[in-house]
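**Q** Provided herewith is a single structure, encoded as structure tokens, for subsequent inquiry.
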Amino acid sequence: MGIFNKNKFNKKLENSIKEFNNDLSKYKLSKKIDENLKLLKSIFKNNENLKIRKIVNSSNPKIFCYIVFMNGMIDPKIINDNIIKSFSTENLKGKKNIFDTVLTETMQVNELKKSEDVRQIVEAIASGDTVLLLDKEKKVIILNTRGYDYRSISEPESEKILAGPREGFTESLIVNISLLQRKFRTPQLKTKYMGIGKTTNTNVCVCYIESVVNKDVLNEVFRRLKKIDIDAVLDSNYLLELIDDKNYSPFARVHTSERPDVIVGKLLEGRVAILVDGTPVVLTVPLLFIENFQSPEDYYLRADYSSIARIIRIIGFFLTICTPAFYVAVESFHQEMIPTALFINMAIEREGAPLPTSLEIIVMLIIFELLKETGIRMPTKVGDALSIVGALVIGQAAVEAELVAAPMLIVVGITGISSLLVPKLNSSVIIYRFLILTFTIFLGFLGFILGLSIMIINILNQKSFGVSQVERMESWNPQDIKDQIIRRGWRNMVKRPGYLTNNEIRQGKNR
């Protein structure tokens with residue numbers, strides 16, 4: 001399909017979606033039940049999952065209703081026991097207002113409401129609710145009968161920890177909200193729902209703690225979400241890209257996690273969480289750069305150990321980015337920086353290598369990324385074995401064949417191992433690693449400093465929803481740095497970060 005035809009098709013599809021949504025708002029329910037059924041059938045035309053069932057009241061056969069639901073998205077037990085059985089056995093003989101009686105007395109469902117809005121009715125059916133229609137009524141009863149299957153709660157594969165809770169979010173929005181709600185025994189947790197996506201109308205929930213949230217950030221979140229105009233939202237990454245700041249940067253400005261304890265911790269500091277139905281990945285804003293080096297288990301282990309672990313991660317971040325470029329700068333441009341004995345050994349190892357150092361390291365880094373990507377895409381056990389065996393076999397064979405020098409394998413090995421310490425920054429690390437390496441290949445150590453300076457300036461200038469990502473990192477105020485590069489004990493963290501919340505007091509004196 002050509003570009004012109006593709007654009008024409010997309011425009012036609014968008015117009016069709018708008019026309020369909022506008023048509024729904026024009027429809028009105030009738031007092032004739034047959035016409036209402038005909039309307040719903042026409043809206044869900046060619047959808048064989050739509051089921052319609054007639055129920056007759058045993059006490060008065062002249063009283064009947066129809067229920068409409070989407071097969072596969074409902075709980076059959078609720079429909080059989082709480083709707084069909086309740087309506088058919090209820091004594092409705094002599095009742096003056098059948099609709100109100102059915103709504104308030106007959107239906108044994110915990111969540112139900114009446115509606116006259118055709119759009120709301122259609123969305124309810126598509127979401128797994130059941131709609132009950134009575135004759136001579138211009139309104140219907142919407143009953144919550146959702147019961148589709150979802151993945152059981154388990155620890156996220158990408159965020160496993162040594163200590164702490166072993167639960168993770170699922171693809172069900174209701175389950176995810178419950179995982180957050182059960183950690184709060186107060187009414188402080190607030191949830192706001194909205195539908196995003198002209199075709200999918202995906203449920204999105206914004207969560208925050210009313211007493212501590214930064215109101216400016218909260219208002220900005222709602223403003224950006226309301227501006228989204230897209231046909232479908234299938235994952236939280238859709239929203240991440242659409243609400244992110246417009247200026248490009250390899251570094252993330254929205255935090256993601258699949259762990260409820262992590263999200264609760266963010267909420268308690270005044271952040272805003274965004275949950276999307278159909279994905280276990282939850283977004284939180286604003287994001288500080290130091291959060292990329294924090295791990296959930298930092299708060300479940302001793303503060304001194306957690307601080308050392310954070311420092312190691314920060315060192316790993318700079319090692320994985322700078323090691324290849326620094327090696328090229330020293331080996332190709334500034335040999336005088338290398339001790340004589342080491343330089344002689346390196347020269348002996350490089351003797352016979354067919355490629356220059358710069359090209360050699362680029363090839364080895366690309367091979368490393370290929371092995372890593374292959375290991376991720378393969379099944380877990382096969383992928384792990386492939387990554388280890390592939391690296392050993394290819395590395396050993398390359399050295400024996402004198403295609404690369406042995407020091408190069410050490411450099412690539414340090415680079416690869418260090419990258420595992422900061423998985424959240426993986427994509428950013430790759431971009432800046434090759435950027436700094438490119439500058440170094442052409443300009444030597446000057447290029448190395450130039451590339452590193454560009455990265456640092458980028459980090460310092462980044463903002464997430466109006467909050468600087470390096471907020472208070474330069475401060476020497478003890479209250480500001482108690483949970484930055486190092487983590488102090490809980491007794492010392494009396495206040496929340498003041499730049500994230502309007503309520504700084506976290507706890508009293510615990511002695």
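Labeling convention for the structure tokens: chains A, B, ... as they appear, residues from 1 per chain, ligands from 1 in order of appearance.
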How close does segment 417-462 of chain A get to segment 319-341 of chain A? List, as a Markdown table, each residue of segment 417-462 of chain A within 10 Å, its nearest atom pair and the distance in Å to one decimal, counting only C-alpha atoms.
**A**
| residue | atom | partner | partner_atom | distance |
| --- | --- | --- | --- | --- |
| A:Ile417 | CA | A:Thr320 | CA | 7.8 |
| A:Ser418 | CA | A:Thr320 | CA | 5.2 |
| A:Ser419 | CA | A:Thr320 | CA | 5.4 |
| A:Leu420 | CA | A:Thr320 | CA | 9.0 |
| A:Leu421 | CA | A:Thr320 | CA | 9.3 |
| A:Val422 | CA | A:Thr320 | CA | 9.3 |
| A:Asn426 | CA | A:Thr320 | CA | 9.9 |
| A:Ser428 | CA | A:Ile321 | CA | 9.4 |
| A:Val429 | CA | A:Ile321 | CA | 6.0 |
| A:Ile430 | CA | A:Ile321 | CA | 7.5 |
| A:Ile431 | CA | A:Ile321 | CA | 9.0 |
| A:Tyr432 | CA | A:Ile321 | CA | 6.6 |
| A:Arg433 | CA | A:Ile321 | CA | 4.5 |
| A:Phe434 | CA | A:Ile321 | CA | 8.2 |
| A:Leu435 | CA | A:Ala325 | CA | 9.2 |
| A:Ile436 | CA | A:Ala325 | CA | 6.3 |
| A:Leu437 | CA | A:Ala325 | CA | 4.5 |
| A:Thr438 | CA | A:Ala325 | CA | 8.0 |
| A:Phe439 | CA | A:Ala325 | CA | 8.5 |
| A:Thr440 | CA | A:Ala325 | CA | 6.0 |
| A:Ile441 | CA | A:Val328 | CA | 6.9 |
| A:Phe442 | CA | A:Ala329 | CA | 9.6 |
| A:Leu443 | CA | A:Ala329 | CA | 8.5 |
| A:Gly444 | CA | A:Ala329 | CA | 4.9 |
| A:Phe445 | CA | A:Ala329 | CA | 5.2 |
| A:Leu446 | CA | A:Ala329 | CA | 8.8 |
| A:Gly447 | CA | A:Ala329 | CA | 8.6 |
| A:Phe448 | CA | A:Ala325 | CA | 6.5 |
| A:Ile449 | CA | A:Phe326 | CA | 9.6 |
| A:Gly451 | CA | A:Ala325 | CA | 9.6 |
| A:Leu452 | CA | A:Cys322 | CA | 8.0 |
**Q** Leaving out Asp216 of chain A and any residue of its chain fewer than 5 positions from it, which residues lie within 9 Å of it when counting only C-alpha atoms, given as a list in words?
**A**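 Near Asp216 of chain A, the qualifying residues are Val221, Phe465 and Gly466 of chain A.
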**Q** Write the selection just made, keeping C-alpha atoms, as a PDB file, in the first residue's frame?
**A**
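Okay, again.pdb is ready:
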ATOM      1  CA  VAL A 221      -1.410  14.503  34.412  1.00  0.00           C
ATOM      2  CA  PHE A 465       6.108  16.974  34.621  1.00  0.00           C
ATOM      3  CA  GLY A 466       7.725  20.229  35.639  1.00  0.00           C
TER       4      GLY A 466
END
**Q** DSSP says strand (DSSP E) for which residues of segment 7-163 of chain A? Put them as an NGL selection string?
**A** :A and (50-56 or 64-70 or 112-115 or 130-134 or 140-143)
**Q** Contacts of Ile485 of chain A at 12 Å or less, counting only C-alpha atoms, minus same-chain residues fewer than 2 places along, as a count of residues only?
**A** 31
**Q** Residues within 6 Å of segment 231-240 of chain A, please, as a PyMOL selection string. Count only C-alpha atoms; anything in the same chain fewer than 5 positions from it doesn't count.
**A** chain A and resi 197-200+276+279
**Q** Env of Gln469 of chain A: 8 Å cut, atoms = only C-alpha atoms, seq-sep filter 3 positions within chain, self excluded. Answer as an MDAnalysis selection string.
**A** chainID A and resid 253 287:290 459:464
**Q** So which one's closest to Ile83 of chain A, A:Val131, A:Ile457, A:Met378, A:Ile177? Using only C-alpha atoms, please.
**A**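 Distance minimum relative to Ile83 of chain A lands on A:Val131.
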**Q** Using DSSP on the backbone, list every residue of segment 108-324 of chain A that comes out as alpha helix (DSSP H), and give them as a PyMOL selection string.
**A** chain A and resi 118-127+173-181+215-226+236-243+260-268+303-324
**Q** Which residues, written as a list in words, have at least one atom at most 10 Å from Leu134 of chain A, with only C-alpha atoms counted and residues fewer than 4 positions away on the same chain left out?
**A** Lys31, Lys32, Ile33, Asp34, Asn36, Ile63, Phe64, Cys65, Tyr66, Ile67, Ile98, Phe99, Val102, Lys138, Lys139, Val140 and Ile141 of chain A
**Q** Keeping N, CA and C atoms, export the residues of the selection given above as a PDB file, in the first residue's frame.
**A**
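The resulting file, part-v3.pdb, is shown below:
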ATOM      1  N   LYS A  31     -39.772   2.708  24.195  1.00  0.00           N
ATOM      2  CA  LYS A  31     -40.556   1.979  25.193  1.00  0.00           C
ATOM      3  C   LYS A  31     -40.911   0.574  24.712  1.00  0.00           C
ATOM      4  N   LYS A  32     -40.618   0.299  23.443  1.00  0.00           N
ATOM      5  CA  LYS A  32     -40.871  -1.029  22.893  1.00  0.00           C
ATOM      6  C   LYS A  32     -39.598  -1.855  22.997  1.00  0.00           C
ATOM      7  N   ILE A  33     -39.697  -2.961  23.710  1.00  0.00           N
ATOM      8  CA  ILE A  33     -38.507  -3.775  23.963  1.00  0.00           C
ATOM      9  C   ILE A  33     -37.938  -4.377  22.683  1.00  0.00           C
ATOM     10  N   ASP A  34     -38.815  -4.690  21.716  1.00  0.00           N
ATOM     11  CA  ASP A  34     -38.350  -5.261  20.447  1.00  0.00           C
ATOM     12  C   ASP A  34     -37.468  -4.275  19.687  1.00  0.00           C
ATOM     13  N   ASN A  36     -35.668  -1.879  21.025  1.00  0.00           N
ATOM     14  CA  ASN A  36     -34.401  -1.752  21.750  1.00  0.00           C
ATOM     15  C   ASN A  36     -33.467  -2.926  21.445  1.00  0.00           C
ATOM     16  N   ILE A  63     -45.065 -10.994  32.561  1.00  0.00           N
ATOM     17  CA  ILE A  63     -43.899 -10.166  32.889  1.00  0.00           C
ATOM     18  C   ILE A  63     -42.638 -10.913  32.453  1.00  0.00           C
ATOM     19  N   PHE A  64     -41.881 -10.297  31.625  1.00  0.00           N
ATOM     20  CA  PHE A  64     -40.654 -10.921  31.120  1.00  0.00           C
ATOM     21  C   PHE A  64     -39.588  -9.851  30.901  1.00  0.00           C
ATOM     22  N   CYS A  65     -38.375 -10.318  30.701  1.00  0.00           N
ATOM     23  CA  CYS A  65     -37.263  -9.403  30.421  1.00  0.00           C
ATOM     24  C   CYS A  65     -36.293 -10.081  29.465  1.00  0.00           C
ATOM     25  N   TYR A  66     -35.412  -9.305  28.914  1.00  0.00           N
ATOM     26  CA  TYR A  66     -34.318  -9.828  28.088  1.00  0.00           C
ATOM     27  C   TYR A  66     -32.998  -9.390  28.716  1.00  0.00           C
ATOM     28  N   ILE A  67     -32.041 -10.289  28.708  1.00  0.00           N
ATOM     29  CA  ILE A  67     -30.692  -9.918  29.146  1.00  0.00           C
ATOM     30  C   ILE A  67     -29.755 -10.027  27.939  1.00  0.00           C
ATOM     31  N   ILE A  98     -42.628  -2.292  38.116  1.00  0.00           N
ATOM     32  CA  ILE A  98     -41.812  -3.488  37.936  1.00  0.00           C
ATOM     33  C   ILE A  98     -40.328  -3.126  37.849  1.00  0.00           C
ATOM     34  N   PHE A  99     -40.020  -2.058  37.126  1.00  0.00           N
ATOM     35  CA  PHE A  99     -38.616  -1.689  36.904  1.00  0.00           C
ATOM     36  C   PHE A  99     -37.904  -1.407  38.232  1.00  0.00           C
ATOM     37  N   VAL A 102     -37.459  -4.622  40.319  1.00  0.00           N
ATOM     38  CA  VAL A 102     -36.360  -5.457  39.817  1.00  0.00           C
ATOM     39  C   VAL A 102     -35.017  -4.828  40.168  1.00  0.00           C
ATOM     40  N   LYS A 138     -38.038   2.956  28.906  1.00  0.00           N
ATOM     41  CA  LYS A 138     -37.041   3.626  28.075  1.00  0.00           C
ATOM     42  C   LYS A 138     -35.667   3.650  28.754  1.00  0.00           C
ATOM     43  N   LYS A 139     -35.516   2.807  29.750  1.00  0.00           N
ATOM     44  CA  LYS A 139     -34.233   2.685  30.427  1.00  0.00           C
ATOM     45  C   LYS A 139     -33.955   1.211  30.694  1.00  0.00           C
ATOM     46  N   VAL A 140     -32.704   0.899  30.962  1.00  0.00           N
ATOM     47  CA  VAL A 140     -32.292  -0.483  31.201  1.00  0.00           C
ATOM     48  C   VAL A 140     -31.542  -0.555  32.530  1.00  0.00           C
ATOM     49  N   ILE A 141     -31.283  -1.789  32.969  1.00  0.00           N
ATOM     50  CA  ILE A 141     -30.483  -2.020  34.172  1.00  0.00           C
ATOM     51  C   ILE A 141     -29.154  -2.634  33.740  1.00  0.00           C
TER      52      ILE A 141
END
**Q** What is the atom CA of Asn80 of chain A to atom CA of Asn47 of chain A distance in Å?
**A** 22.5 Å
**Q** Suppose you want the space between atom CA of Asn176 of chain A and atom CA of Ala124 of chain A; what is it in Å?
**A**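 So the answer is 20.0 Å.
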**Q** From the list A:Ala252, A:Val281, A:Ala406, A:Leu24, which residue is nearest Ser172 of chain A when using only C-alpha atoms?
**A**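 Using only C-alpha atoms, the shortest distance to Ser172 of chain A belongs to A:Val281.
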**Q** Extract, using only C-alpha atoms, all DNA, RNA and protein residues at most 12 Å from Gln188 of chain A, discarding same-chain residues fewer than 2 positions from it, and format them as a list in words.
**A**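 Residues meeting the cut-off are Leu180, Gln181, Lys183, Phe184, Arg185, Thr186, Lys190, Thr191, Cys207, Tyr208, Ile209, Glu210, Ser211, Val212, Val213, Leu267, Leu268 and Gly270 of chain A.
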**Q** For the residues selected in the previous step, produce a file with C-alpha atoms as a CSV table (one decimal), in the first residue's frame.
**A**
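The new file part_2.csv reads:
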chain,number,residue,atom,x,y,z
A,180,LEU,CA,-3.0,-1.2,45.9
A,181,GLN,CA,-6.1,-0.6,47.9
A,183,LYS,CA,-2.2,-1.8,51.4
A,184,PHE,CA,-4.2,1.3,52.5
A,185,ARG,CA,-6.6,1.0,55.5
A,186,THR,CA,-7.7,4.6,55.1
A,190,LYS,CA,-8.1,8.2,45.4
A,191,THR,CA,-8.9,6.6,42.0
A,207,CYS,CA,-4.3,6.9,41.5
A,208,TYR,CA,-3.0,9.3,44.1
A,209,ILE,CA,-3.0,10.0,47.9
A,210,GLU,CA,-5.0,13.1,48.5
A,211,SER,CA,-3.2,14.3,51.5
A,212,VAL,CA,0.4,14.2,50.0
A,213,VAL,CA,0.0,14.5,46.2
A,267,LEU,CA,2.3,7.3,45.9
A,268,LEU,CA,3.4,7.8,49.5
A,270,GLY,CA,3.4,12.4,46.5
